[in-house]
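As provided, upload39.cif (mmCIF, N, CA and C atoms) reads as follows.
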```cif
data_data
loop_
_atom_site.label_atom_id
_atom_site.label_comp_id
_atom_site.auth_asym_id
_atom_site.auth_seq_id
_atom_site.Cartn_x
_atom_site.Cartn_y
_atom_site.Cartn_z
N MET I 124 -132.65 124.35 -120.04
CA MET I 124 -131.21 124.29 -119.92
C MET I 124 -130.77 125.36 -118.92
N THR I 125 -129.83 125.00 -118.07
CA THR I 125 -129.33 125.94 -117.08
C THR I 125 -127.81 126.00 -117.13
N THR I 126 -127.27 127.04 -116.53
CA THR I 126 -125.82 127.18 -116.47
C THR I 126 -125.22 125.95 -115.81
N GLY I 127 -124.18 125.42 -116.42
CA GLY I 127 -123.51 124.24 -115.88
C GLY I 127 -123.97 122.94 -116.49
N ASP I 128 -125.05 122.98 -117.28
CA ASP I 128 -125.49 121.77 -117.96
C ASP I 128 -124.39 121.29 -118.90
N ARG I 129 -124.30 120.00 -119.07
CA ARG I 129 -123.33 119.42 -120.00
C ARG I 129 -124.07 118.58 -121.02
N TRP I 130 -123.66 118.69 -122.26
CA TRP I 130 -124.31 117.97 -123.35
C TRP I 130 -123.26 117.29 -124.19
N CYS I 131 -123.59 116.15 -124.74
CA CYS I 131 -122.72 115.45 -125.66
C CYS I 131 -123.08 115.93 -127.06
N LEU I 132 -122.09 116.32 -127.83
CA LEU I 132 -122.31 116.82 -129.17
C LEU I 132 -121.28 116.18 -130.09
N CYS I 133 -121.73 115.58 -131.18
CA CYS I 133 -120.77 114.94 -132.08
C CYS I 133 -119.91 116.01 -132.76
N ALA I 134 -118.72 115.62 -133.15
CA ALA I 134 -117.75 116.56 -133.72
C ALA I 134 -118.28 117.24 -134.98
N LEU I 135 -119.02 116.53 -135.80
CA LEU I 135 -119.55 117.16 -137.02
C LEU I 135 -120.53 118.27 -136.69
N ARG I 136 -121.41 118.05 -135.71
CA ARG I 136 -122.38 119.09 -135.31
C ARG I 136 -121.66 120.24 -134.64
N TRP I 137 -120.62 119.94 -133.84
CA TRP I 137 -119.86 121.00 -133.18
C TRP I 137 -119.17 121.86 -134.24
N LYS I 138 -118.61 121.22 -135.25
CA LYS I 138 -117.94 121.95 -136.32
C LYS I 138 -118.92 122.87 -137.04
N GLU I 139 -120.13 122.39 -137.28
CA GLU I 139 -121.16 123.23 -137.92
C GLU I 139 -121.47 124.45 -137.04
N ALA I 140 -121.60 124.22 -135.74
CA ALA I 140 -121.87 125.32 -134.82
C ALA I 140 -120.72 126.32 -134.81
N TRP I 141 -119.50 125.82 -134.81
CA TRP I 141 -118.31 126.68 -134.84
C TRP I 141 -118.29 127.52 -136.11
N GLN I 142 -118.55 126.91 -137.23
CA GLN I 142 -118.54 127.64 -138.50
C GLN I 142 -119.65 128.69 -138.56
N ALA I 143 -120.73 128.46 -137.83
CA ALA I 143 -121.85 129.41 -137.78
C ALA I 143 -121.65 130.46 -136.68
N GLY I 144 -120.57 130.32 -135.90
CA GLY I 144 -120.29 131.29 -134.85
C GLY I 144 -121.00 131.01 -133.54
N TRP I 145 -121.44 129.77 -133.32
CA TRP I 145 -122.19 129.41 -132.12
C TRP I 145 -121.61 128.20 -131.40
N ALA I 146 -120.33 127.97 -131.48
CA ALA I 146 -119.74 126.78 -130.86
C ALA I 146 -119.75 126.87 -129.34
N PRO I 147 -120.20 125.80 -128.68
CA PRO I 147 -120.16 125.78 -127.22
C PRO I 147 -118.76 125.42 -126.72
N LEU I 148 -118.53 125.64 -125.43
CA LEU I 148 -117.27 125.22 -124.82
C LEU I 148 -117.20 123.70 -124.82
N VAL I 149 -115.98 123.18 -124.79
CA VAL I 149 -115.77 121.73 -124.78
C VAL I 149 -114.88 121.33 -123.60
N VAL I 150 -115.10 120.14 -123.11
CA VAL I 150 -114.22 119.54 -122.10
C VAL I 150 -113.32 118.59 -122.88
N LEU I 151 -112.08 119.01 -123.10
CA LEU I 151 -111.18 118.22 -123.94
C LEU I 151 -110.99 116.80 -123.43
N GLU I 152 -110.97 116.63 -122.12
CA GLU I 152 -110.78 115.30 -121.55
C GLU I 152 -111.94 114.36 -121.90
N SER I 153 -113.08 114.93 -122.26
CA SER I 153 -114.26 114.13 -122.58
C SER I 153 -114.42 113.90 -124.08
N CYS I 154 -113.58 114.54 -124.88
CA CYS I 154 -113.71 114.42 -126.34
C CYS I 154 -113.24 113.04 -126.82
N GLU I 155 -113.91 112.55 -127.82
CA GLU I 155 -113.49 111.32 -128.49
C GLU I 155 -112.11 111.55 -129.09
N GLU I 156 -111.26 110.55 -129.05
CA GLU I 156 -109.90 110.67 -129.57
C GLU I 156 -109.86 111.09 -131.04
N SER I 157 -110.88 110.75 -131.80
CA SER I 157 -110.89 111.07 -133.23
C SER I 157 -111.40 112.48 -133.53
N ALA I 158 -111.85 113.23 -132.53
CA ALA I 158 -112.38 114.57 -132.77
C ALA I 158 -111.42 115.47 -133.56
N PRO I 159 -110.10 115.45 -133.26
CA PRO I 159 -109.18 116.30 -134.02
C PRO I 159 -109.05 115.93 -135.51
N GLU I 160 -109.60 114.79 -135.89
CA GLU I 160 -109.62 114.45 -137.31
C GLU I 160 -110.69 115.28 -138.03
N ILE I 161 -111.64 115.81 -137.27
CA ILE I 161 -112.74 116.59 -137.83
C ILE I 161 -112.56 118.08 -137.55
N VAL I 162 -112.16 118.39 -136.32
CA VAL I 162 -111.94 119.77 -135.89
C VAL I 162 -110.49 119.88 -135.44
N PRO I 163 -109.73 120.83 -135.96
CA PRO I 163 -108.33 120.95 -135.54
C PRO I 163 -108.21 121.11 -134.02
N LEU I 164 -107.24 120.43 -133.45
CA LEU I 164 -107.02 120.47 -132.01
C LEU I 164 -106.83 121.91 -131.52
N GLU I 165 -106.17 122.74 -132.29
CA GLU I 165 -105.94 124.13 -131.90
C GLU I 165 -107.27 124.86 -131.71
N VAL I 166 -108.24 124.54 -132.56
CA VAL I 166 -109.57 125.16 -132.45
C VAL I 166 -110.27 124.65 -131.20
N LEU I 167 -110.23 123.34 -130.98
CA LEU I 167 -110.85 122.78 -129.77
C LEU I 167 -110.25 123.39 -128.51
N LYS I 168 -108.95 123.60 -128.51
CA LYS I 168 -108.29 124.19 -127.34
C LYS I 168 -108.77 125.62 -127.08
N MET I 169 -109.11 126.35 -128.13
CA MET I 169 -109.61 127.72 -127.96
C MET I 169 -110.96 127.72 -127.23
N TYR I 170 -111.71 126.62 -127.31
CA TYR I 170 -113.03 126.52 -126.70
C TYR I 170 -113.03 125.61 -125.46
N ALA I 171 -111.84 125.29 -124.99
CA ALA I 171 -111.72 124.35 -123.88
C ALA I 171 -112.13 124.97 -122.55
N THR I 172 -112.77 124.16 -121.75
CA THR I 172 -113.12 124.50 -120.38
C THR I 172 -112.72 123.31 -119.51
N THR I 173 -112.74 123.48 -118.21
CA THR I 173 -112.37 122.38 -117.33
C THR I 173 -113.56 121.47 -117.09
N SER I 174 -113.29 120.28 -116.65
CA SER I 174 -114.36 119.31 -116.41
C SER I 174 -115.01 119.51 -115.04
N GLU I 175 -114.54 120.46 -114.27
CA GLU I 175 -115.08 120.70 -112.92
C GLU I 175 -116.39 121.45 -112.98
#
```
Can you present the structure in this file as structure tokens?
Amino acid sequence: MTTGDRWCLCALRWKEAWQAGWAPLVVLESCEESAPEIVPLEVLKMYATTSE
């Protein structure tokens, strides 16, 4: 894995990583519409990065 790599991670696994203190950054534009049903949108925004 190198800097700039992008990975798809399901919301449940991301939530587990967040709760363990290891959540990766997310590209909000790439998130499934239902992700905020699992992880609060405010939390996702705290870990947001751009898609560039």
Item to check | Residue members of the PyMOL selection byres (((chain I and resi 157-172 and name CA) around 9) and name CA) in the file shown, as an MDAnalysis selection string | outcome: chainID I and resid 133:135 137:138 146:151 154:156 173:175
Next on the checklist: Going by DSSP on the backbone, which residues of chain I come out as strand (DSSP E)? List them as a VMD selection string.
Outcome noted: chain I and resid 149 to 150 171 to 172
Item to check | helix (DSSP H, G or I) positions in stretch 126-163 of chain I, given as number ranges by chain | outcome: I: 134-142, 151-153, 158-160
Around all the atoms of stretch 164-174 of chain I listed in the file, with 4 Å of room on each side, what axis-aligned box do you get, giving centre and edge lengths in Å to one decimal, as JSON?
```
{"center_x": -110.5, "center_y": 123.5, "center_z": -124.2, "size_x": 17.1, "size_y": 16.4, "size_z": 26.4}
```
Incomplete stretch 162-173 of chain I brought to all heavy atoms, written out as a short mmCIF file (atom, residue, chain, number, x, y, z; two decimals), in the frame of the given file:
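File selection.cif, as written:
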```
data_model
loop_
_atom_site.label_atom_id
_atom_site.label_comp_id
_atom_site.auth_asym_id
_atom_site.auth_seq_id
_atom_site.Cartn_x
_atom_site.Cartn_y
_atom_site.Cartn_z
N VAL I 162 -112.16 118.39 -136.32
CA VAL I 162 -111.94 119.77 -135.89
C VAL I 162 -110.49 119.88 -135.44
O VAL I 162 -110.05 119.09 -134.59
CB VAL I 162 -112.88 120.15 -134.72
CG1 VAL I 162 -112.64 121.58 -134.29
CG2 VAL I 162 -114.33 119.93 -135.10
N PRO I 163 -109.73 120.83 -135.96
CA PRO I 163 -108.33 120.95 -135.54
C PRO I 163 -108.21 121.11 -134.02
O PRO I 163 -109.00 121.82 -133.39
CB PRO I 163 -107.86 122.22 -136.25
CG PRO I 163 -108.77 122.37 -137.43
CD PRO I 163 -110.10 121.84 -136.96
N LEU I 164 -107.24 120.43 -133.45
CA LEU I 164 -107.02 120.47 -132.01
C LEU I 164 -106.83 121.91 -131.52
O LEU I 164 -107.30 122.27 -130.45
CB LEU I 164 -105.82 119.60 -131.61
CG LEU I 164 -105.54 119.49 -130.12
CD1 LEU I 164 -106.76 118.97 -129.36
CD2 LEU I 164 -104.34 118.60 -129.89
N GLU I 165 -106.17 122.74 -132.29
CA GLU I 165 -105.94 124.13 -131.90
C GLU I 165 -107.27 124.86 -131.71
O GLU I 165 -107.42 125.68 -130.82
CB GLU I 165 -105.09 124.86 -132.94
CG GLU I 165 -103.68 124.32 -133.10
CD GLU I 165 -103.63 123.03 -133.92
OE1 GLU I 165 -104.50 122.80 -134.79
OE2 GLU I 165 -102.72 122.22 -133.67
N VAL I 166 -108.24 124.54 -132.56
CA VAL I 166 -109.57 125.16 -132.45
C VAL I 166 -110.27 124.65 -131.20
O VAL I 166 -110.84 125.43 -130.43
CB VAL I 166 -110.42 124.88 -133.72
CG1 VAL I 166 -111.84 125.37 -133.53
CG2 VAL I 166 -109.78 125.54 -134.93
N LEU I 167 -110.23 123.34 -130.98
CA LEU I 167 -110.85 122.78 -129.77
C LEU I 167 -110.25 123.39 -128.51
O LEU I 167 -110.97 123.71 -127.56
CB LEU I 167 -110.70 121.26 -129.75
CG LEU I 167 -111.51 120.49 -130.79
CD1 LEU I 167 -111.12 119.03 -130.79
CD2 LEU I 167 -113.00 120.67 -130.56
N LYS I 168 -108.95 123.60 -128.51
CA LYS I 168 -108.29 124.19 -127.34
C LYS I 168 -108.77 125.62 -127.08
O LYS I 168 -108.84 126.06 -125.94
CB LYS I 168 -106.77 124.17 -127.52
CG LYS I 168 -106.16 122.80 -127.34
CD LYS I 168 -104.66 122.84 -127.52
CE LYS I 168 -104.05 121.47 -127.32
NZ LYS I 168 -102.58 121.52 -127.49
N MET I 169 -109.11 126.35 -128.13
CA MET I 169 -109.61 127.72 -127.96
C MET I 169 -110.96 127.72 -127.23
O MET I 169 -111.33 128.72 -126.61
CB MET I 169 -109.77 128.41 -129.31
CG MET I 169 -108.46 128.74 -129.98
SD MET I 169 -108.56 129.76 -131.47
CE MET I 169 -110.02 129.21 -132.30
N TYR I 170 -111.71 126.62 -127.31
CA TYR I 170 -113.03 126.52 -126.70
C TYR I 170 -113.03 125.61 -125.46
O TYR I 170 -114.08 125.24 -124.97
CB TYR I 170 -114.03 125.98 -127.73
CG TYR I 170 -114.35 127.01 -128.78
CD1 TYR I 170 -113.56 127.15 -129.91
CD2 TYR I 170 -115.45 127.86 -128.64
CE1 TYR I 170 -113.83 128.10 -130.87
CE2 TYR I 170 -115.74 128.81 -129.59
CZ TYR I 170 -114.93 128.93 -130.70
OH TYR I 170 -115.21 129.88 -131.66
N ALA I 171 -111.84 125.29 -124.99
CA ALA I 171 -111.72 124.35 -123.88
C ALA I 171 -112.13 124.97 -122.55
O ALA I 171 -111.90 126.15 -122.28
CB ALA I 171 -110.28 123.85 -123.78
N THR I 172 -112.77 124.16 -121.75
CA THR I 172 -113.12 124.50 -120.38
C THR I 172 -112.72 123.31 -119.51
O THR I 172 -112.38 122.25 -120.02
CB THR I 172 -114.63 124.82 -120.25
OG1 THR I 172 -114.88 125.31 -118.93
CG2 THR I 172 -115.49 123.62 -120.54
N THR I 173 -112.74 123.48 -118.21
CA THR I 173 -112.37 122.38 -117.33
C THR I 173 -113.56 121.47 -117.09
O THR I 173 -114.71 121.85 -117.31
CB THR I 173 -111.86 122.92 -115.97
OG1 THR I 173 -112.92 123.63 -115.34
CG2 THR I 173 -110.66 123.81 -116.15
#
```
